[in-house]
Amino acid sequence: MRRLRACLGAAAAVGLTAAGTTALVAGHASGATAALGNRWYAAAPYLMPLDNDPPDPAAIMDATGLKAFQLAFVLAPNGGGCSPTWGGTAPVSSDTAVQSVINTIRGKGGDVSVSIGGYGGTKLGQVCSDAAATAAAYQQVITKYGLHAIDFDLEEPEYENTAAIKNEIGAAKILQQNNPGLYVSVTTAGTADGTGWFGKQMLLEAKSQGFTPNNFSIMPFDGGFNGAASQTSALTNFNAILRSTFGWDQATAYAHEGFSGMNGRSDTGEIFTQADFQTVLDYATSHNMDRFTFWSLNRDRQCSPPDNGGRTSGTCSSVAQNSWDFAKYSVKFAGATPPDSTPTPTPTPTPTPTPTACKTAWSSSAVYTAGDEVSYNKHNWKAKWWTQNETPAATDWGPWQDEGAC
């Protein structure tokens with residue numbers, strides 16, 4: 001679906017990284033607000049500012065005391081090239097929409113980190129010519145928004161590409177060197193054993209390059225997990241992997257370890273409740289872990305009507321909750337006290353709404369562009385971007401947005 005083309009050449013990128021470092025860092029400093037303590041960046045939950053019915057960050061801050069947000073995701077352009085975009089479609093260079101979100105958060109005393117990568121789309125490490133070119137693309141994001149923190153979300157399918165991971169880890173090291181004090185997290189897939197083969201290869205790449213971020217975080221969901229006990233077991237196993245890879249003792253490994261969960265119903269039907277989050281939070285704090293975050297604030301609200309875990313949505317959790325319940329665990333990890341919350345409501349039956357008319361049926365051979373509407377499996381769907389032969393399904397990273405039953 002996507003066509004790639006050559007990005008900034010290695011020589012040009014090296015020149016920018018070396019000769020232009022002073023200017024880039026100066027631009028970073030001039031555009032930045034005062035940094036929060038690192039614990040807030042470590043606690044920042046993910047927020048998609050341009051997709052999945054973005055919630056109002058100011059309202060979340062007022063309701064929970066949250067101060068930091070992890071904005072997702074920066075990708076390569078869908079049409080090819082080595083320049084940063086939001087979601088593959090909105091160039092960072094001309095962005096005003098995300099900047100407005102950031103201004104709102106900073107206006108209330110908060111700040112943001114930006115996450116690059118994620119599950120879908122083309123990553124800059126896949127298309128940029130080398131680590132220096134990849135770093136130069138990410139430096140544009142740091143400079144544009146005056147960032148104090150950045151997250152490398154390295155997972156499928158990118159982390160199966162050895163060259164891409166070498167570029168991403170190399171870029172992270174360059175950014176860490178060129179932006180003193182930059183908080184850097186690296187997030188990857190979690191398994192019952194801690195992380196899988198590709199995650200271990202990523203750690204070995206970091207070791208070979210002499211790169212140590214603030215933390216390596218795993219995502220213990222979508223892998224046959226069953227509540228908090230399975231997640232804390234995975235975190236214990238991941239600690240052993242960090243120790244064996246880097247030669248750290250247990251305490252040092254925990255100080256460089258993070259948790260990135262999924263609130264409510266996961267993509268594979270696992271359920272993680274508020275009680276599960278509390279258990280993992282207790283584990284993280286008692287072991288002095290560096291990071292506790294989750295995917296996502298867009299989902300940190302009850303579905304309407306409540307569906308009791310019946311589906312996975314990008315815009316609600318599918319568990320009984322008050323809005324922003326899960327964000328309060330991030331606030332606690334940061335060392336703050338969220339406002340008192342009312343008890344979690346018991347879902348009340350809601351009459352099934354009258355279905356709307358179905359759009360023209362989806363066709364595997366048709367080409368759809370952003371805004372096109374179709375019907376499939378008794379639901380209407382709206383295309384987020386150009387797509388062909390991708391079956392409509394309710395996934396955060398897919399090309400279709402579920403518009404409800406028809």
# chains A, B, ... in the order shown; residues from 1 in each chain; ligands from 1
>>> residues_around(residues="Ser323 in chain A", least_positions_apart="3", cutoff="7 Å", atoms="only C-alpha atoms", output="PDB file with N, CA and C atoms, in the first residue's frame")
ATOM      1  N   ASP A 300      -9.905   5.624  28.127  1.00  0.00           N
ATOM      2  CA  ASP A 300     -10.112   5.690  29.574  1.00  0.00           C
ATOM      3  C   ASP A 300     -11.479   6.278  29.918  1.00  0.00           C
ATOM      4  N   ARG A 301     -12.517   5.626  29.419  1.00  0.00           N
ATOM      5  CA  ARG A 301     -13.894   6.031  29.678  1.00  0.00           C
ATOM      6  C   ARG A 301     -14.789   4.836  29.364  1.00  0.00           C
ATOM      7  N   GLN A 302     -15.945   4.828  29.968  1.00  0.00           N
ATOM      8  CA  GLN A 302     -16.849   3.690  29.793  1.00  0.00           C
ATOM      9  C   GLN A 302     -17.544   3.753  28.442  1.00  0.00           C
TER      10      GLN A 302
END
>>> closest_atom_pairs(of="range 55-99 of chain A", to="range 37-40 of chain A", cutoff="10 Å", atoms="only C-alpha atoms", output="Markdown table")
| residue | atom | partner | partner_atom | distance |
| --- | --- | --- | --- | --- |
| A:Leu66 | CA | A:Trp40 | CA | 8.5 |
| A:Lys67 | CA | A:Trp40 | CA | 6.9 |
| A:Ala68 | CA | A:Trp40 | CA | 5.8 |
| A:Phe69 | CA | A:Trp40 | CA | 8.7 |
>>> closest_atom_pairs(of="range 202-284 of chain A", to="range 152-167 of chain A", cutoff="9 Å", atoms="only C-alpha atoms", output="JSON lines")
{"residue": "A:Met202", "atom": "CA", "partner": "A:Ile165", "partner_atom": "CA", "distance": 6.7}
{"residue": "A:Glu205", "atom": "CA", "partner": "A:Lys166", "partner_atom": "CA", "distance": 6.7}
{"residue": "A:Ala206", "atom": "CA", "partner": "A:Lys166", "partner_atom": "CA", "distance": 8.3}
{"residue": "A:Gln209", "atom": "CA", "partner": "A:Lys166", "partner_atom": "CA", "distance": 8.8}
>>> atom_distance(atom1="CA of Ala370 in chain A", atom2="CA of Val74 in chain A")
18.7 Å
>>> atom_distance(atom1="CA of Asn322 in chain A", atom2="CA of Thr232 in chain A")
25.0 Å
>>> residues_around(residues="Thr337 in chain A", least_positions_apart="2", cutoff="12 Å", atoms="only C-alpha atoms", output="list in words")
Ala63, Thr64, Gly65, Leu66, Lys67, Ala327, Lys328, Tyr329, Ser330, Val331, Lys332, Phe333, Ala334, Gly335, Pro339, Asp340 and Ser341 of chain A
>>> write_last_selection(atoms="all heavy atoms", output="short mmCIF file (atom, residue, chain, number, x, y, z; two decimals), in the first residue's frame")
data_model
loop_
_atom_site.label_atom_id
_atom_site.label_comp_id
_atom_site.auth_asym_id
_atom_site.auth_seq_id
_atom_site.Cartn_x
_atom_site.Cartn_y
_atom_site.Cartn_z
N ALA A 63 -9.61 16.70 36.38
CA ALA A 63 -10.28 15.62 37.08
C ALA A 63 -9.33 14.71 37.86
O ALA A 63 -9.73 14.10 38.85
CB ALA A 63 -11.09 14.78 36.08
N THR A 64 -8.07 14.62 37.40
CA THR A 64 -7.16 13.62 37.97
C THR A 64 -5.89 14.17 38.58
O THR A 64 -5.23 13.48 39.36
CB THR A 64 -6.74 12.61 36.88
OG1 THR A 64 -5.92 13.29 35.90
CG2 THR A 64 -7.94 11.99 36.20
N GLY A 65 -5.49 15.38 38.19
CA GLY A 65 -4.20 15.91 38.62
C GLY A 65 -3.06 15.48 37.72
O GLY A 65 -1.90 15.76 38.01
N LEU A 66 -3.37 14.80 36.60
CA LEU A 66 -2.33 14.37 35.67
C LEU A 66 -1.63 15.59 35.06
O LEU A 66 -2.28 16.57 34.72
CB LEU A 66 -2.96 13.53 34.56
CG LEU A 66 -2.00 12.84 33.58
CD1 LEU A 66 -1.21 11.75 34.28
CD2 LEU A 66 -2.78 12.26 32.40
N LYS A 67 -0.31 15.47 34.89
CA LYS A 67 0.45 16.59 34.33
C LYS A 67 1.15 16.27 33.02
O LYS A 67 1.59 17.19 32.32
CB LYS A 67 1.50 17.08 35.34
CG LYS A 67 0.93 17.83 36.53
CD LYS A 67 2.05 18.44 37.36
CE LYS A 67 1.49 19.27 38.50
NZ LYS A 67 2.58 19.91 39.29
N ALA A 327 -6.22 6.83 34.52
CA ALA A 327 -5.23 7.89 34.57
C ALA A 327 -4.77 8.17 36.00
O ALA A 327 -3.63 8.60 36.23
CB ALA A 327 -5.78 9.17 33.94
N LYS A 328 -5.64 7.90 36.96
CA LYS A 328 -5.29 8.20 38.35
C LYS A 328 -4.17 7.31 38.87
O LYS A 328 -3.44 7.68 39.79
CB LYS A 328 -6.54 8.09 39.23
CG LYS A 328 -7.57 9.18 38.90
CD LYS A 328 -8.80 9.11 39.77
CE LYS A 328 -9.78 10.22 39.41
NZ LYS A 328 -11.02 10.17 40.22
N TYR A 329 -4.01 6.12 38.27
CA TYR A 329 -2.90 5.26 38.68
C TYR A 329 -1.57 5.85 38.20
O TYR A 329 -0.54 5.72 38.87
CB TYR A 329 -3.10 3.84 38.15
CG TYR A 329 -4.33 3.19 38.74
CD1 TYR A 329 -5.51 3.12 38.02
CD2 TYR A 329 -4.32 2.69 40.04
CE1 TYR A 329 -6.66 2.56 38.58
CE2 TYR A 329 -5.45 2.12 40.61
CZ TYR A 329 -6.62 2.06 39.86
OH TYR A 329 -7.75 1.51 40.42
N SER A 330 -1.59 6.51 37.05
CA SER A 330 -0.39 7.21 36.58
C SER A 330 -0.06 8.37 37.51
O SER A 330 1.12 8.61 37.82
CB SER A 330 -0.61 7.73 35.15
OG SER A 330 -0.69 6.66 34.23
N VAL A 331 -1.08 9.08 37.96
CA VAL A 331 -0.86 10.19 38.90
C VAL A 331 -0.21 9.68 40.18
O VAL A 331 0.73 10.28 40.71
CB VAL A 331 -2.20 10.90 39.19
CG1 VAL A 331 -2.03 11.95 40.29
CG2 VAL A 331 -2.75 11.54 37.92
N LYS A 332 -0.70 8.53 40.67
CA LYS A 332 -0.13 7.95 41.89
C LYS A 332 1.33 7.55 41.67
O LYS A 332 2.18 7.74 42.55
CB LYS A 332 -0.94 6.74 42.33
CG LYS A 332 -2.35 7.06 42.81
CD LYS A 332 -3.10 5.78 43.16
CE LYS A 332 -4.54 6.05 43.57
NZ LYS A 332 -5.28 4.78 43.85
N PHE A 333 1.64 6.97 40.49
CA PHE A 333 3.01 6.57 40.22
C PHE A 333 3.93 7.78 40.20
O PHE A 333 5.09 7.70 40.62
CB PHE A 333 3.10 5.84 38.88
CG PHE A 333 4.47 5.32 38.57
CD1 PHE A 333 4.96 4.19 39.20
CD2 PHE A 333 5.28 5.97 37.65
CE1 PHE A 333 6.25 3.71 38.93
CE2 PHE A 333 6.57 5.50 37.37
CZ PHE A 333 7.05 4.37 38.01
N ALA A 334 3.42 8.92 39.74
CA ALA A 334 4.23 10.14 39.70
C ALA A 334 4.46 10.72 41.09
O ALA A 334 5.27 11.63 41.25
CB ALA A 334 3.56 11.18 38.80
N GLY A 335 3.76 10.18 42.09
CA GLY A 335 3.95 10.65 43.46
C GLY A 335 2.96 11.68 43.89
O GLY A 335 3.13 12.31 44.95
N PRO A 339 -7.59 13.61 42.93
CA PRO A 339 -8.78 13.96 43.70
C PRO A 339 -9.59 12.71 44.02
O PRO A 339 -9.52 11.70 43.33
CB PRO A 339 -9.54 14.89 42.75
CG PRO A 339 -8.53 15.35 41.76
CD PRO A 339 -7.55 14.24 41.61
N ASP A 340 -10.39 12.79 45.09
CA ASP A 340 -11.26 11.67 45.44
C ASP A 340 -12.21 11.40 44.29
O ASP A 340 -12.74 12.32 43.65
CB ASP A 340 -12.08 12.00 46.70
CG ASP A 340 -11.20 12.02 47.94
OD1 ASP A 340 -10.14 11.37 47.91
OD2 ASP A 340 -11.59 12.68 48.93
N SER A 341 -12.42 10.12 44.04
CA SER A 341 -13.34 9.74 42.97
C SER A 341 -14.57 9.10 43.56
O SER A 341 -14.56 8.56 44.66
CB SER A 341 -12.67 8.76 42.00
OG SER A 341 -12.29 7.59 42.69
#
>>> residues_around(residues="range 359-368 of chain A", least_positions_apart="2", cutoff="6 Å", atoms="only C-alpha atoms", output="PDB file with N, CA and C atoms, in the first residue's frame")
ATOM      1  N   VAL A 374     -18.479   2.950   4.322  1.00  0.00           N
ATOM      2  CA  VAL A 374     -18.956   1.672   3.804  1.00  0.00           C
ATOM      3  C   VAL A 374     -19.700   0.960   4.923  1.00  0.00           C
ATOM      4  N   SER A 375     -20.355  -0.153   4.574  1.00  0.00           N
ATOM      5  CA  SER A 375     -20.937  -1.018   5.590  1.00  0.00           C
ATOM      6  C   SER A 375     -20.292  -2.388   5.490  1.00  0.00           C
ATOM      7  N   TYR A 376     -20.145  -3.026   6.670  1.00  0.00           N
ATOM      8  CA  TYR A 376     -19.562  -4.362   6.719  1.00  0.00           C
ATOM      9  C   TYR A 376     -19.974  -5.008   8.034  1.00  0.00           C
ATOM     10  N   TRP A 386      -6.071   6.231   2.932  1.00  0.00           N
ATOM     11  CA  TRP A 386      -6.157   5.405   1.730  1.00  0.00           C
ATOM     12  C   TRP A 386      -6.059   3.933   2.112  1.00  0.00           C
ATOM     13  N   THR A 387      -6.951   3.116   1.559  1.00  0.00           N
ATOM     14  CA  THR A 387      -6.915   1.693   1.874  1.00  0.00           C
ATOM     15  C   THR A 387      -7.549   0.879   0.755  1.00  0.00           C
ATOM     16  N   GLN A 388      -7.071  -0.335   0.605  1.00  0.00           N
ATOM     17  CA  GLN A 388      -7.656  -1.284  -0.334  1.00  0.00           C
ATOM     18  C   GLN A 388      -7.443  -2.692   0.215  1.00  0.00           C
ATOM     19  N   ASN A 389      -8.499  -3.493   0.162  1.00  0.00           N
ATOM     20  CA  ASN A 389      -8.459  -4.897   0.582  1.00  0.00           C
ATOM     21  C   ASN A 389      -8.009  -5.049   2.038  1.00  0.00           C
TER      22      ASN A 389
END
>>> select_by_dssp(residues="range 268-346 of chain A", states="strand (DSSP E or B)", output="NGL selection string")
:A and (271-272 or 291-295)
>>> write_last_selection(atoms="all heavy atoms", output="PDB file, in the first residue's frame")
ATOM      1  N   ILE A 271      -8.896  -8.936  29.851  1.00  0.00           N
ATOM      2  CA  ILE A 271      -9.523  -7.868  30.617  1.00  0.00           C
ATOM      3  C   ILE A 271      -8.584  -7.433  31.740  1.00  0.00           C
ATOM      4  O   ILE A 271      -8.111  -8.257  32.528  1.00  0.00           O
ATOM      5  CB  ILE A 271     -10.873  -8.317  31.221  1.00  0.00           C
ATOM      6  CG1 ILE A 271     -11.856  -8.715  30.113  1.00  0.00           C
ATOM      7  CG2 ILE A 271     -11.467  -7.204  32.090  1.00  0.00           C
ATOM      8  CD1 ILE A 271     -12.284  -7.575  29.217  1.00  0.00           C
ATOM      9  N   PHE A 272      -8.318  -6.128  31.797  1.00  0.00           N
ATOM     10  CA  PHE A 272      -7.480  -5.552  32.854  1.00  0.00           C
ATOM     11  C   PHE A 272      -8.290  -4.451  33.543  1.00  0.00           C
ATOM     12  O   PHE A 272      -8.586  -3.414  32.944  1.00  0.00           O
ATOM     13  CB  PHE A 272      -6.177  -4.999  32.276  1.00  0.00           C
ATOM     14  CG  PHE A 272      -5.367  -6.038  31.548  1.00  0.00           C
ATOM     15  CD1 PHE A 272      -5.330  -6.061  30.166  1.00  0.00           C
ATOM     16  CD2 PHE A 272      -4.670  -7.014  32.251  1.00  0.00           C
ATOM     17  CE1 PHE A 272      -4.601  -7.023  29.479  1.00  0.00           C
ATOM     18  CE2 PHE A 272      -3.938  -7.980  31.576  1.00  0.00           C
ATOM     19  CZ  PHE A 272      -3.898  -7.993  30.194  1.00  0.00           C
ATOM     20  N   ARG A 291       9.128   3.258  35.199  1.00  0.00           N
ATOM     21  CA  ARG A 291       8.027   3.765  34.363  1.00  0.00           C
ATOM     22  C   ARG A 291       6.754   2.946  34.570  1.00  0.00           C
ATOM     23  O   ARG A 291       6.798   1.730  34.759  1.00  0.00           O
ATOM     24  CB  ARG A 291       8.443   3.719  32.888  1.00  0.00           C
ATOM     25  CG  ARG A 291       7.475   4.385  31.910  1.00  0.00           C
ATOM     26  CD  ARG A 291       8.115   4.509  30.548  1.00  0.00           C
ATOM     27  NE  ARG A 291       7.241   5.104  29.548  1.00  0.00           N
ATOM     28  CZ  ARG A 291       6.939   4.543  28.379  1.00  0.00           C
ATOM     29  NH1 ARG A 291       7.460   3.361  28.062  1.00  0.00           N
ATOM     30  NH2 ARG A 291       6.152   5.150  27.516  1.00  0.00           N
ATOM     31  N   PHE A 292       5.613   3.648  34.515  1.00  0.00           N
ATOM     32  CA  PHE A 292       4.294   3.024  34.604  1.00  0.00           C
ATOM     33  C   PHE A 292       3.362   3.831  33.713  1.00  0.00           C
ATOM     34  O   PHE A 292       3.054   4.979  34.013  1.00  0.00           O
ATOM     35  CB  PHE A 292       3.792   3.027  36.053  1.00  0.00           C
ATOM     36  CG  PHE A 292       2.426   2.421  36.246  1.00  0.00           C
ATOM     37  CD1 PHE A 292       2.286   1.098  36.635  1.00  0.00           C
ATOM     38  CD2 PHE A 292       1.275   3.171  36.044  1.00  0.00           C
ATOM     39  CE1 PHE A 292       1.034   0.524  36.820  1.00  0.00           C
ATOM     40  CE2 PHE A 292       0.016   2.619  36.218  1.00  0.00           C
ATOM     41  CZ  PHE A 292      -0.104   1.291  36.618  1.00  0.00           C
ATOM     42  N   THR A 293       2.941   3.249  32.619  1.00  0.00           N
ATOM     43  CA  THR A 293       2.091   3.969  31.669  1.00  0.00           C
ATOM     44  C   THR A 293       1.063   3.012  31.089  1.00  0.00           C
ATOM     45  O   THR A 293       1.039   1.828  31.447  1.00  0.00           O
ATOM     46  CB  THR A 293       2.951   4.611  30.557  1.00  0.00           C
ATOM     47  OG1 THR A 293       2.104   5.380  29.697  1.00  0.00           O
ATOM     48  CG2 THR A 293       3.666   3.550  29.730  1.00  0.00           C
ATOM     49  N   PHE A 294       0.177   3.507  30.226  1.00  0.00           N
ATOM     50  CA  PHE A 294      -0.817   2.623  29.623  1.00  0.00           C
ATOM     51  C   PHE A 294      -1.347   3.204  28.319  1.00  0.00           C
ATOM     52  O   PHE A 294      -1.268   4.393  28.050  1.00  0.00           O
ATOM     53  CB  PHE A 294      -1.972   2.339  30.593  1.00  0.00           C
ATOM     54  CG  PHE A 294      -2.879   3.520  30.875  1.00  0.00           C
ATOM     55  CD1 PHE A 294      -4.023   3.734  30.127  1.00  0.00           C
ATOM     56  CD2 PHE A 294      -2.586   4.410  31.900  1.00  0.00           C
ATOM     57  CE1 PHE A 294      -4.869   4.805  30.390  1.00  0.00           C
ATOM     58  CE2 PHE A 294      -3.418   5.494  32.178  1.00  0.00           C
ATOM     59  CZ  PHE A 294      -4.564   5.688  31.408  1.00  0.00           C
ATOM     60  N   TRP A 295      -1.908   2.294  27.535  1.00  0.00           N
ATOM     61  CA  TRP A 295      -2.583   2.606  26.270  1.00  0.00           C
ATOM     62  C   TRP A 295      -4.071   2.366  26.459  1.00  0.00           C
ATOM     63  O   TRP A 295      -4.503   1.236  26.605  1.00  0.00           O
ATOM     64  CB  TRP A 295      -2.043   1.699  25.146  1.00  0.00           C
ATOM     65  CG  TRP A 295      -2.727   1.936  23.852  1.00  0.00           C
ATOM     66  CD1 TRP A 295      -3.838   1.297  23.351  1.00  0.00           C
ATOM     67  CD2 TRP A 295      -2.367   2.931  22.886  1.00  0.00           C
ATOM     68  NE1 TRP A 295      -4.196   1.821  22.145  1.00  0.00           N
ATOM     69  CE2 TRP A 295      -3.310   2.830  21.834  1.00  0.00           C
ATOM     70  CE3 TRP A 295      -1.365   3.892  22.814  1.00  0.00           C
ATOM     71  CZ2 TRP A 295      -3.255   3.661  20.720  1.00  0.00           C
ATOM     72  CZ3 TRP A 295      -1.320   4.704  21.709  1.00  0.00           C
ATOM     73  CH2 TRP A 295      -2.250   4.574  20.673  1.00  0.00           C
TER      74      TRP A 295
END
>>> closest_residue(among="A:Phe259, A:Phe238, A:Phe198, A:Tyr254", to="Met289 in chain A", atoms="only C-alpha atoms")
A:Tyr254
>>> closest_residue(among="A:Ala172, A:Leu75, A:Ala234, A:Ala255", to="Phe211 in chain A", atoms="only C-alpha atoms")
A:Ala172
>>> closest_residue(among="A:Ala192, A:Ala44, A:Val319, A:Val92", to="Lys144 in chain A", atoms="only C-alpha atoms")
A:Val92
>>> residues_around(residues="Ala394 in chain A", least_positions_apart="5", cutoff="8 Å", atoms="only C-alpha atoms", output="MDAnalysis selection string")
chainID A and resid 312:314 400:402
>>> decode(residues="range 158-190 of chain A", atoms="N, CA and C atoms", output="compact mmCIF listing (two decimals), in the first residue's frame")
# COMPACT_ATOMS: atom_id res chain seq x y z
N GLU A 158 8.24 -3.57 12.77
CA GLU A 158 9.56 -2.96 12.63
C GLU A 158 10.64 -3.73 13.38
N TYR A 159 10.32 -4.23 14.59
CA TYR A 159 11.41 -4.81 15.37
C TYR A 159 11.88 -6.16 14.83
N GLU A 160 11.23 -6.64 13.76
CA GLU A 160 11.70 -7.83 13.07
C GLU A 160 12.71 -7.46 11.97
N ASN A 161 12.95 -6.16 11.78
CA ASN A 161 13.85 -5.65 10.76
C ASN A 161 15.15 -5.19 11.44
N THR A 162 16.20 -5.98 11.30
CA THR A 162 17.46 -5.70 12.00
C THR A 162 18.02 -4.32 11.67
N ALA A 163 17.98 -3.95 10.38
CA ALA A 163 18.52 -2.65 9.97
C ALA A 163 17.71 -1.51 10.57
N ALA A 164 16.39 -1.67 10.60
CA ALA A 164 15.53 -0.62 11.16
C ALA A 164 15.80 -0.42 12.64
N ILE A 165 15.94 -1.52 13.38
CA ILE A 165 16.20 -1.40 14.81
C ILE A 165 17.58 -0.79 15.06
N LYS A 166 18.55 -1.12 14.22
CA LYS A 166 19.86 -0.48 14.35
C LYS A 166 19.75 1.02 14.15
N ASN A 167 18.93 1.45 13.18
CA ASN A 167 18.72 2.88 12.96
C ASN A 167 18.03 3.53 14.15
N GLU A 168 16.98 2.87 14.69
CA GLU A 168 16.22 3.46 15.79
C GLU A 168 17.07 3.58 17.05
N ILE A 169 17.78 2.51 17.41
CA ILE A 169 18.61 2.56 18.61
C ILE A 169 19.75 3.56 18.42
N GLY A 170 20.34 3.58 17.22
CA GLY A 170 21.39 4.56 16.94
C GLY A 170 20.87 5.98 17.03
N ALA A 171 19.65 6.20 16.51
CA ALA A 171 19.04 7.53 16.59
C ALA A 171 18.78 7.93 18.03
N ALA A 172 18.28 6.99 18.83
CA ALA A 172 18.00 7.29 20.24
C ALA A 172 19.29 7.71 20.96
N LYS A 173 20.37 7.02 20.65
CA LYS A 173 21.65 7.37 21.28
C LYS A 173 22.11 8.77 20.87
N ILE A 174 21.97 9.09 19.58
CA ILE A 174 22.36 10.42 19.09
C ILE A 174 21.52 11.51 19.75
N LEU A 175 20.21 11.29 19.85
CA LEU A 175 19.33 12.29 20.46
C LEU A 175 19.65 12.48 21.93
N GLN A 176 19.95 11.38 22.60
CA GLN A 176 20.32 11.45 24.01
C GLN A 176 21.59 12.29 24.21
N GLN A 177 22.55 12.14 23.28
CA GLN A 177 23.80 12.89 23.37
C GLN A 177 23.62 14.36 23.00
N ASN A 178 22.77 14.63 22.02
CA ASN A 178 22.62 15.99 21.50
C ASN A 178 21.61 16.83 22.25
N ASN A 179 20.83 16.22 23.13
CA ASN A 179 19.80 16.94 23.89
C ASN A 179 19.98 16.61 25.37
N PRO A 180 20.92 17.26 26.04
CA PRO A 180 21.21 16.93 27.44
C PRO A 180 19.95 16.97 28.31
N GLY A 181 19.78 15.91 29.11
CA GLY A 181 18.63 15.84 30.00
C GLY A 181 17.39 15.24 29.37
N LEU A 182 17.44 14.90 28.08
CA LEU A 182 16.27 14.32 27.41
C LEU A 182 15.92 12.97 28.04
N TYR A 183 14.65 12.82 28.45
CA TYR A 183 14.18 11.55 29.01
C TYR A 183 13.82 10.63 27.85
N VAL A 184 14.44 9.45 27.79
CA VAL A 184 14.25 8.52 26.68
C VAL A 184 13.74 7.18 27.21
N SER A 185 12.58 6.76 26.72
CA SER A 185 12.07 5.43 27.03
C SER A 185 12.03 4.61 25.76
N VAL A 186 12.20 3.29 25.90
CA VAL A 186 12.10 2.36 24.78
C VAL A 186 11.06 1.32 25.16
N THR A 187 10.00 1.22 24.37
CA THR A 187 8.87 0.34 24.67
C THR A 187 8.81 -0.78 23.64
N THR A 188 8.61 -2.01 24.12
CA THR A 188 8.55 -3.15 23.20
C THR A 188 7.56 -4.18 23.71
N ALA A 189 7.32 -5.21 22.91
CA ALA A 189 6.30 -6.20 23.23
C ALA A 189 6.67 -6.99 24.48
N GLY A 190 5.64 -7.42 25.22
CA GLY A 190 5.83 -8.26 26.39
C GLY A 190 5.33 -9.67 26.13
